[in-house]
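Q: Sharing a structure here in structure tokens format.
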Protein chains: 2
Amino acid sequence: MANQTVDNPFAAPGHDHRSCIVAALDAAEAACARRGERLTPLRRRVLELVWRGHRPVGAYDLLALLQDERGRVAPPTVYRALDFLCTQGLVHRLESLQAFIGCGHTGNHMDDQGDGRHAAHFLICQDCGVAVEIRDGQLDGAISGLAGRAGFAIADETIELSGLCAACRNQSVSRPVCTTS
Amino acid sequence: MANQTVDNPFAAPGHDHRSCIVAALDAAEAACARRGERLTPLRRRVLELVWRGHRPVGAYDLLALLQDERGRVAPPTVYRALDFLCTQGLVHRLESLQAFIGCGHTGNHMDDQGDGRHAAHFLICQDCGVAVEIRDGQLDGAISGLAGRAGFAIADETIELSGLCAACRNQSVSRPVCTTS
DNA sequence: AATGTAAATGATATAACATAACAAAATGAA
DNA sequence: TTCATTTTGTTATGTTATATCATTTACATT
Ligand SMILES: [Zn+2]
Ligand SMILES: [Zn+2]
Ligand SMILES: [Zn+2]
Ligand SMILES: [Zn+2]
């Protein structure tokens, strides 16, 4: 069993993040192979960069990182890689931050029909910046319940809850504390 | 009692929208007066323009409308008015669309402590473009439940459910049908 | 190996959304 | 009126994202 990082990064500020990266890349390779999709070196590298930490990363941050290692790189290069990764469910876009984060549930989707897209719900700490993908049965039930009563067919869910994680609440001072990126 | 528009615009494509606008502006005047805030002519006009319909409006759409009636208007003019209106809870920003919509619950907040800000949850029809602000006890309960269990203190909720409204599902063809803007 | 085809990437330009910084005007209180 | 504060105007720039077309790469077929 892996470390607790992926399950609860809020509670694991000092965890071995290399294993998060390895797990994410391995799962991505496997998922793409299974679906006949191509995780090219560029896409793989972008995914790796997204996984530098558990904080959402802006597209232009990724662009700068790529430029550091490859010289001239243009925005479409990054956006295309991100589009691919999002389509495969390997990365999610956080609408409220206009930023991207690695999927915290790679490899164990229950709602995955061939492609890897899935609804992703987040807790986002405004103090340390960490975002955690959550899964909650009551939340899912409430959503499908209200949609059903409204006759509304949900295609896409944006659920992002911002506030303070437990660790940051207990610090009282307002400085980054979940140092794991 | 008002028409059903504000409560369920999905179901009222041919409603008397003027009453929606009047109700929203009246409620805004009242709310600002109560709080000692100033609903200036510009802010009032921007709110009125946001209320042209039940579809989210982009800041630059509003800018163009203002320019039509006032000549040269710059982006900060619109964004400042929108900031004010959002702070007062009279308008909400839809993160997944980068657009704004009039608050569907003006005047009856139960969670309003002085200022008018409140969590706003939406159903957004991808066919007709209408967005409806919803309120659901089970959803609220699920959210506070999961936050409590995680020790997470929620400060802001972004909940936007996109898909097809009942009317558009029953049309099968993919063309705008909820013509009420 | 050569060819053809589709997918992926490179490159340029521009669109769309948003804010910083400072000046001028309007408002309301003293 | 005078003063302080808020609001609006103005200019410039920052940030995020896409359209378009050229080039390269991967890979199956001949
Ligand atoms: Zn980690
Ligand atoms: Zn995920
Ligand atoms: Zn209406
Ligand atoms: Zn509202």
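Residues in the structure tokens are named by chain (A, B, ... in the order shown) and by number from 1 within that chain; ligands are numbered from 1 in the order shown.
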Could you give me, as number ranges by chain, every polymer residue with an atom at most 8 Å away from an atom of ligand 3, counting only C-alpha atoms (C1' of nucleotides) and all ligand atoms?

A: B: 5-6, 9, 12, 15-21, 51, 53-54, 180

Q: The selected residues should be written to file as a CSV table (one decimal), in the first residue's frame (atoms: N, CA and C atoms).

A:
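Output (out37.csv):
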```csv
chain,number,residue,atom,x,y,z
B,5,THR,N,-40.7,33.0,-12.9
B,5,THR,CA,-39.4,33.2,-13.6
B,5,THR,C,-38.2,33.0,-12.7
B,6,VAL,N,-38.2,33.8,-11.7
B,6,VAL,CA,-37.0,33.8,-10.9
B,6,VAL,C,-36.8,32.4,-10.2
B,9,PRO,N,-36.4,29.6,-14.2
B,9,PRO,CA,-36.4,30.1,-15.6
B,9,PRO,C,-36.4,29.0,-16.6
B,12,ALA,N,-39.8,28.5,-17.7
B,12,ALA,CA,-40.6,29.7,-18.1
B,12,ALA,C,-40.0,30.4,-19.3
B,15,HIS,N,-41.8,33.8,-20.2
B,15,HIS,CA,-42.3,34.6,-19.1
B,15,HIS,C,-42.1,36.1,-19.3
B,16,ASP,N,-42.7,36.9,-18.5
B,16,ASP,CA,-42.6,38.3,-18.5
B,16,ASP,C,-41.3,38.7,-17.9
B,17,HIS,N,-40.2,38.9,-18.7
B,17,HIS,CA,-38.9,39.1,-18.0
B,17,HIS,C,-38.8,40.5,-17.5
B,18,ARG,N,-39.6,41.4,-17.9
B,18,ARG,CA,-39.5,42.8,-17.4
B,18,ARG,C,-39.7,42.7,-15.8
B,19,SER,N,-40.5,41.8,-15.4
B,19,SER,CA,-40.8,41.8,-13.9
B,19,SER,C,-39.6,41.2,-13.2
B,20,CYS,N,-38.8,40.3,-13.9
B,20,CYS,CA,-37.6,39.9,-13.3
B,20,CYS,C,-36.6,41.0,-13.1
B,21,ILE,N,-36.5,41.9,-14.1
B,21,ILE,CA,-35.6,43.0,-14.0
B,21,ILE,C,-36.0,44.0,-12.9
B,51,TRP,N,-29.0,41.6,-16.0
B,51,TRP,CA,-30.4,41.0,-16.0
B,51,TRP,C,-31.1,41.0,-17.3
B,53,GLY,N,-31.2,38.9,-19.3
B,53,GLY,CA,-31.7,37.6,-19.4
B,53,GLY,C,-31.2,36.6,-18.3
B,54,HIS,N,-31.5,35.4,-18.5
B,54,HIS,CA,-31.1,34.4,-17.5
B,54,HIS,C,-29.8,33.6,-17.9
B,180,THR,N,-35.6,33.0,-23.7
B,180,THR,CA,-35.5,34.1,-22.8
B,180,THR,C,-34.0,34.4,-22.4
```

Q: Would you kindly report the residues of chain A within 9 Å of chain C, using only C-alpha atoms (C1' of nucleotides), as a list in words?

A: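 Contact residues on the first chain: Thr40, Val73, Ala74 and Thr77 of chain A.
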
Q: Check which residues fall inside 6 Å of ligand 2 when counting only C-alpha atoms (C1' of nucleotides) and all ligand atoms, and print them as a list in words.

A: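 Every residue with an atom at most 6 Å from ligand 2 is listed here: Cys103, Gly104, His105 and Ala120 of chain A.
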
Q: Please produce an output containing N, CA and C atoms for each residue in the selection, written as a PDB file, in the first residue's frame.

A:
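Below is the file that was written, result.pdb:
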```pdb
ATOM      1  N   CYS A 103      -4.747  14.264 -11.340  1.00  0.00           N
ATOM      2  CA  CYS A 103      -5.892  13.554 -10.788  1.00  0.00           C
ATOM      3  C   CYS A 103      -5.458  12.737  -9.581  1.00  0.00           C
ATOM      4  N   GLY A 104      -6.222  12.882  -8.507  1.00  0.00           N
ATOM      5  CA  GLY A 104      -5.896  12.174  -7.290  1.00  0.00           C
ATOM      6  C   GLY A 104      -6.479  10.776  -7.224  1.00  0.00           C
ATOM      7  N   HIS A 105      -7.189  10.382  -8.256  1.00  0.00           N
ATOM      8  CA  HIS A 105      -7.850   9.072  -8.233  1.00  0.00           C
ATOM      9  C   HIS A 105      -7.457   8.195  -9.409  1.00  0.00           C
ATOM     10  N   ALA A 120     -14.823  15.473 -10.846  1.00  0.00           N
ATOM     11  CA  ALA A 120     -13.781  15.654  -9.836  1.00  0.00           C
ATOM     12  C   ALA A 120     -14.198  16.797  -8.912  1.00  0.00           C
TER      13      ALA A 120
END
```

Q: May I ask you to write as a ChimeraX atom specification all residues lying at most 8 Å from ligand 4, with only C-alpha atoms (C1' of nucleotides) and all ligand atoms counted?

A: /B:89-92,102-106,117-121,133

Q: Report, in Å with one decimal, the straight-line distance from atom CA of A:Leu65 to atom CA of A:Val132.

A: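 Distance between the two atoms: 23.1 Å.
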
Q: Counting only C-alpha atoms (C1' of nucleotides), which residues of chain A fall within 12 Å of chain D, and what is the closest atom pair for each with its distance in Å at one decimal, ordered by chain and rising number, as CSV?

A:
```
residue,atom,partner,partner_atom,distance
A:Arg38,CA,D:DA26,C1',10.6
A:Thr40,CA,D:DA26,C1',10.9
A:Gly58,CA,D:DT16,C1',8.9
A:Ala59,CA,D:DT16,C1',8.0
A:Tyr60,CA,D:DT16,C1',8.1
A:Asp61,CA,D:DT15,C1',11.2
A:Leu63,CA,D:DT16,C1',12.0
A:Ala74,CA,D:DA17,C1',11.8
A:Pro75,CA,D:DA17,C1',8.3
A:Pro76,CA,D:DT18,C1',8.0
A:Thr77,CA,D:DT18,C1',11.7
A:Val78,CA,D:DA17,C1',10.7
A:Tyr79,CA,D:DA17,C1',8.1
A:Arg80,CA,D:DT18,C1',10.6
A:Leu82,CA,D:DA17,C1',12.0
A:Asp83,CA,D:DA17,C1',11.7
A:Glu95,CA,D:DT16,C1',11.9
A:Leu97,CA,D:DT16,C1',11.0
A:Gln98,CA,D:DT16,C1',7.9
A:Ala99,CA,D:DT16,C1',9.8
```

Q: Deliver the residues from the most recent selection as a file, using C-alpha atoms, as a PDB file, in the first residue's frame.

A:
```pdb
ATOM      1  CA  ARG A  38      -0.356   7.821 -26.769  1.00  0.00           C
ATOM      2  CA  THR A  40       4.103  10.965 -25.772  1.00  0.00           C
ATOM      3  CA  GLY A  58      -1.063  27.551 -14.104  1.00  0.00           C
ATOM      4  CA  ALA A  59      -0.635  26.777 -17.788  1.00  0.00           C
ATOM      5  CA  TYR A  60       1.910  29.550 -18.110  1.00  0.00           C
ATOM      6  CA  ASP A  61       3.868  28.216 -15.153  1.00  0.00           C
ATOM      7  CA  LEU A  63       5.067  26.860 -20.137  1.00  0.00           C
ATOM      8  CA  ALA A  74       4.587  28.330 -27.332  1.00  0.00           C
ATOM      9  CA  PRO A  75       1.312  28.311 -25.386  1.00  0.00           C
ATOM     10  CA  PRO A  76      -0.489  25.872 -27.703  1.00  0.00           C
ATOM     11  CA  THR A  77       2.103  23.244 -26.891  1.00  0.00           C
ATOM     12  CA  VAL A  78       1.167  23.339 -23.239  1.00  0.00           C
ATOM     13  CA  TYR A  79      -2.558  23.707 -23.802  1.00  0.00           C
ATOM     14  CA  ARG A  80      -2.657  20.766 -26.178  1.00  0.00           C
ATOM     15  CA  LEU A  82      -3.199  19.693 -20.957  1.00  0.00           C
ATOM     16  CA  ASP A  83      -6.230  19.074 -23.155  1.00  0.00           C
ATOM     17  CA  GLU A  95     -12.069  26.571 -12.741  1.00  0.00           C
ATOM     18  CA  LEU A  97      -8.159  29.090  -9.994  1.00  0.00           C
ATOM     19  CA  GLN A  98      -7.666  28.748 -13.734  1.00  0.00           C
ATOM     20  CA  ALA A  99      -5.086  26.127 -12.969  1.00  0.00           C
TER      21      ALA A  99
END
```

Q: Identify all chain B residues at most 7 Å from chain A by counting only C-alpha atoms; ligands do not count. Present them as an MDAnalysis selection string.

A: chainID B and resid 95:96 138:139 142:143 151:166

Q: Let's have the selection written as a CSV table (one decimal), in the first residue's frame, with C-alpha atoms.

A:
```csv
chain,number,residue,atom,x,y,z
B,95,GLU,CA,-16.2,30.3,-12.8
B,96,SER,CA,-16.6,27.6,-15.4
B,138,GLN,CA,-29.2,17.8,1.0
B,139,LEU,CA,-26.5,19.4,-1.0
B,142,ALA,CA,-23.5,16.9,2.3
B,143,ILE,CA,-21.0,19.8,1.9
B,151,GLY,CA,-11.6,19.4,9.5
B,152,PHE,CA,-11.9,21.8,6.6
B,153,ALA,CA,-13.3,25.3,7.1
B,154,ILE,CA,-15.1,26.3,3.9
B,155,ALA,CA,-14.9,29.9,3.0
B,156,ASP,CA,-16.2,29.8,-0.6
B,157,GLU,CA,-18.1,27.3,-2.7
B,158,THR,CA,-18.0,27.0,-6.4
B,159,ILE,CA,-20.7,24.5,-7.5
B,160,GLU,CA,-21.7,24.6,-11.1
B,161,LEU,CA,-23.5,21.7,-12.7
B,162,SER,CA,-23.6,21.8,-16.5
B,163,GLY,CA,-25.8,19.7,-18.7
B,164,LEU,CA,-29.2,19.8,-20.3
B,165,CYS,CA,-32.3,21.3,-18.7
B,166,ALA,CA,-35.6,19.4,-18.9
```

Q: Which residues in stretch 43-166 of chain A does DSSP call strand (DSSP E or B)? List them as a ChimeraX atom specification.

A: /A:57,91-94,99-102,120-125,131-134,153-164

Q: Convert the current residue selection to file output with C-alpha atoms, as a PDB file, in the first residue's frame.

A:
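In the end it all went to out13.pdb:
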```
ATOM      1  CA  VAL A  57      -0.307  24.881 -11.524  1.00  0.00           C
ATOM      2  CA  VAL A  91      -5.365  16.023 -14.951  1.00  0.00           C
ATOM      3  CA  HIS A  92      -8.206  18.267 -13.844  1.00  0.00           C
ATOM      4  CA  ARG A  93      -8.714  21.928 -14.402  1.00  0.00           C
ATOM      5  CA  LEU A  94      -9.685  23.977 -11.359  1.00  0.00           C
ATOM      6  CA  ALA A  99      -5.086  26.127 -12.969  1.00  0.00           C
ATOM      7  CA  PHE A 100      -4.440  22.422 -13.327  1.00  0.00           C
ATOM      8  CA  ILE A 101      -3.757  19.565 -10.964  1.00  0.00           C
ATOM      9  CA  GLY A 102      -2.978  15.893 -11.307  1.00  0.00           C
ATOM     10  CA  ALA A 120     -13.781  15.654  -9.836  1.00  0.00           C
ATOM     11  CA  HIS A 121     -14.591  17.501  -6.624  1.00  0.00           C
ATOM     12  CA  PHE A 122     -12.029  19.483  -4.676  1.00  0.00           C
ATOM     13  CA  LEU A 123     -11.126  20.975  -1.349  1.00  0.00           C
ATOM     14  CA  ILE A 124      -8.708  23.842  -1.857  1.00  0.00           C
ATOM     15  CA  CYS A 125      -6.783  25.374   1.024  1.00  0.00           C
ATOM     16  CA  ALA A 131      -5.955  21.040  -3.498  1.00  0.00           C
ATOM     17  CA  VAL A 132      -7.319  17.588  -2.729  1.00  0.00           C
ATOM     18  CA  GLU A 133      -9.668  15.634  -4.918  1.00  0.00           C
ATOM     19  CA  ILE A 134     -12.437  14.224  -2.785  1.00  0.00           C
ATOM     20  CA  ALA A 153     -29.142  15.799 -17.105  1.00  0.00           C
ATOM     21  CA  ILE A 154     -25.725  16.595 -15.698  1.00  0.00           C
ATOM     22  CA  ALA A 155     -22.823  16.354 -18.118  1.00  0.00           C
ATOM     23  CA  ASP A 156     -20.139  18.100 -16.148  1.00  0.00           C
ATOM     24  CA  GLU A 157     -19.614  19.003 -12.502  1.00  0.00           C
ATOM     25  CA  THR A 158     -17.535  21.850 -11.155  1.00  0.00           C
ATOM     26  CA  ILE A 159     -17.318  21.507  -7.404  1.00  0.00           C
ATOM     27  CA  GLU A 160     -14.535  23.416  -5.711  1.00  0.00           C
ATOM     28  CA  LEU A 161     -14.694  24.175  -2.014  1.00  0.00           C
ATOM     29  CA  SER A 162     -12.146  26.719  -0.855  1.00  0.00           C
ATOM     30  CA  GLY A 163     -11.181  27.474   2.701  1.00  0.00           C
ATOM     31  CA  LEU A 164      -8.702  26.324   5.304  1.00  0.00           C
TER      32      LEU A 164
END
```

Q: Nearest to ligand 1 among A:Val46, A:Leu85, A:Cys32, A:Ala23, with distances taken over only C-alpha atoms and all ligand atoms: which residue is it?

A: A:Ala23

Q: To one decimal in Å, tell me the separation between atom CA of A:Leu42 and atom CA of A:Ala30.

A: 16.7 Å

Q: Looking at only C-alpha atoms and all ligand atoms, which of A:Ala33, A:Ala24, A:Leu47, A:Cys128 is the one that sits closest to ligand 1?

A: A:Ala24
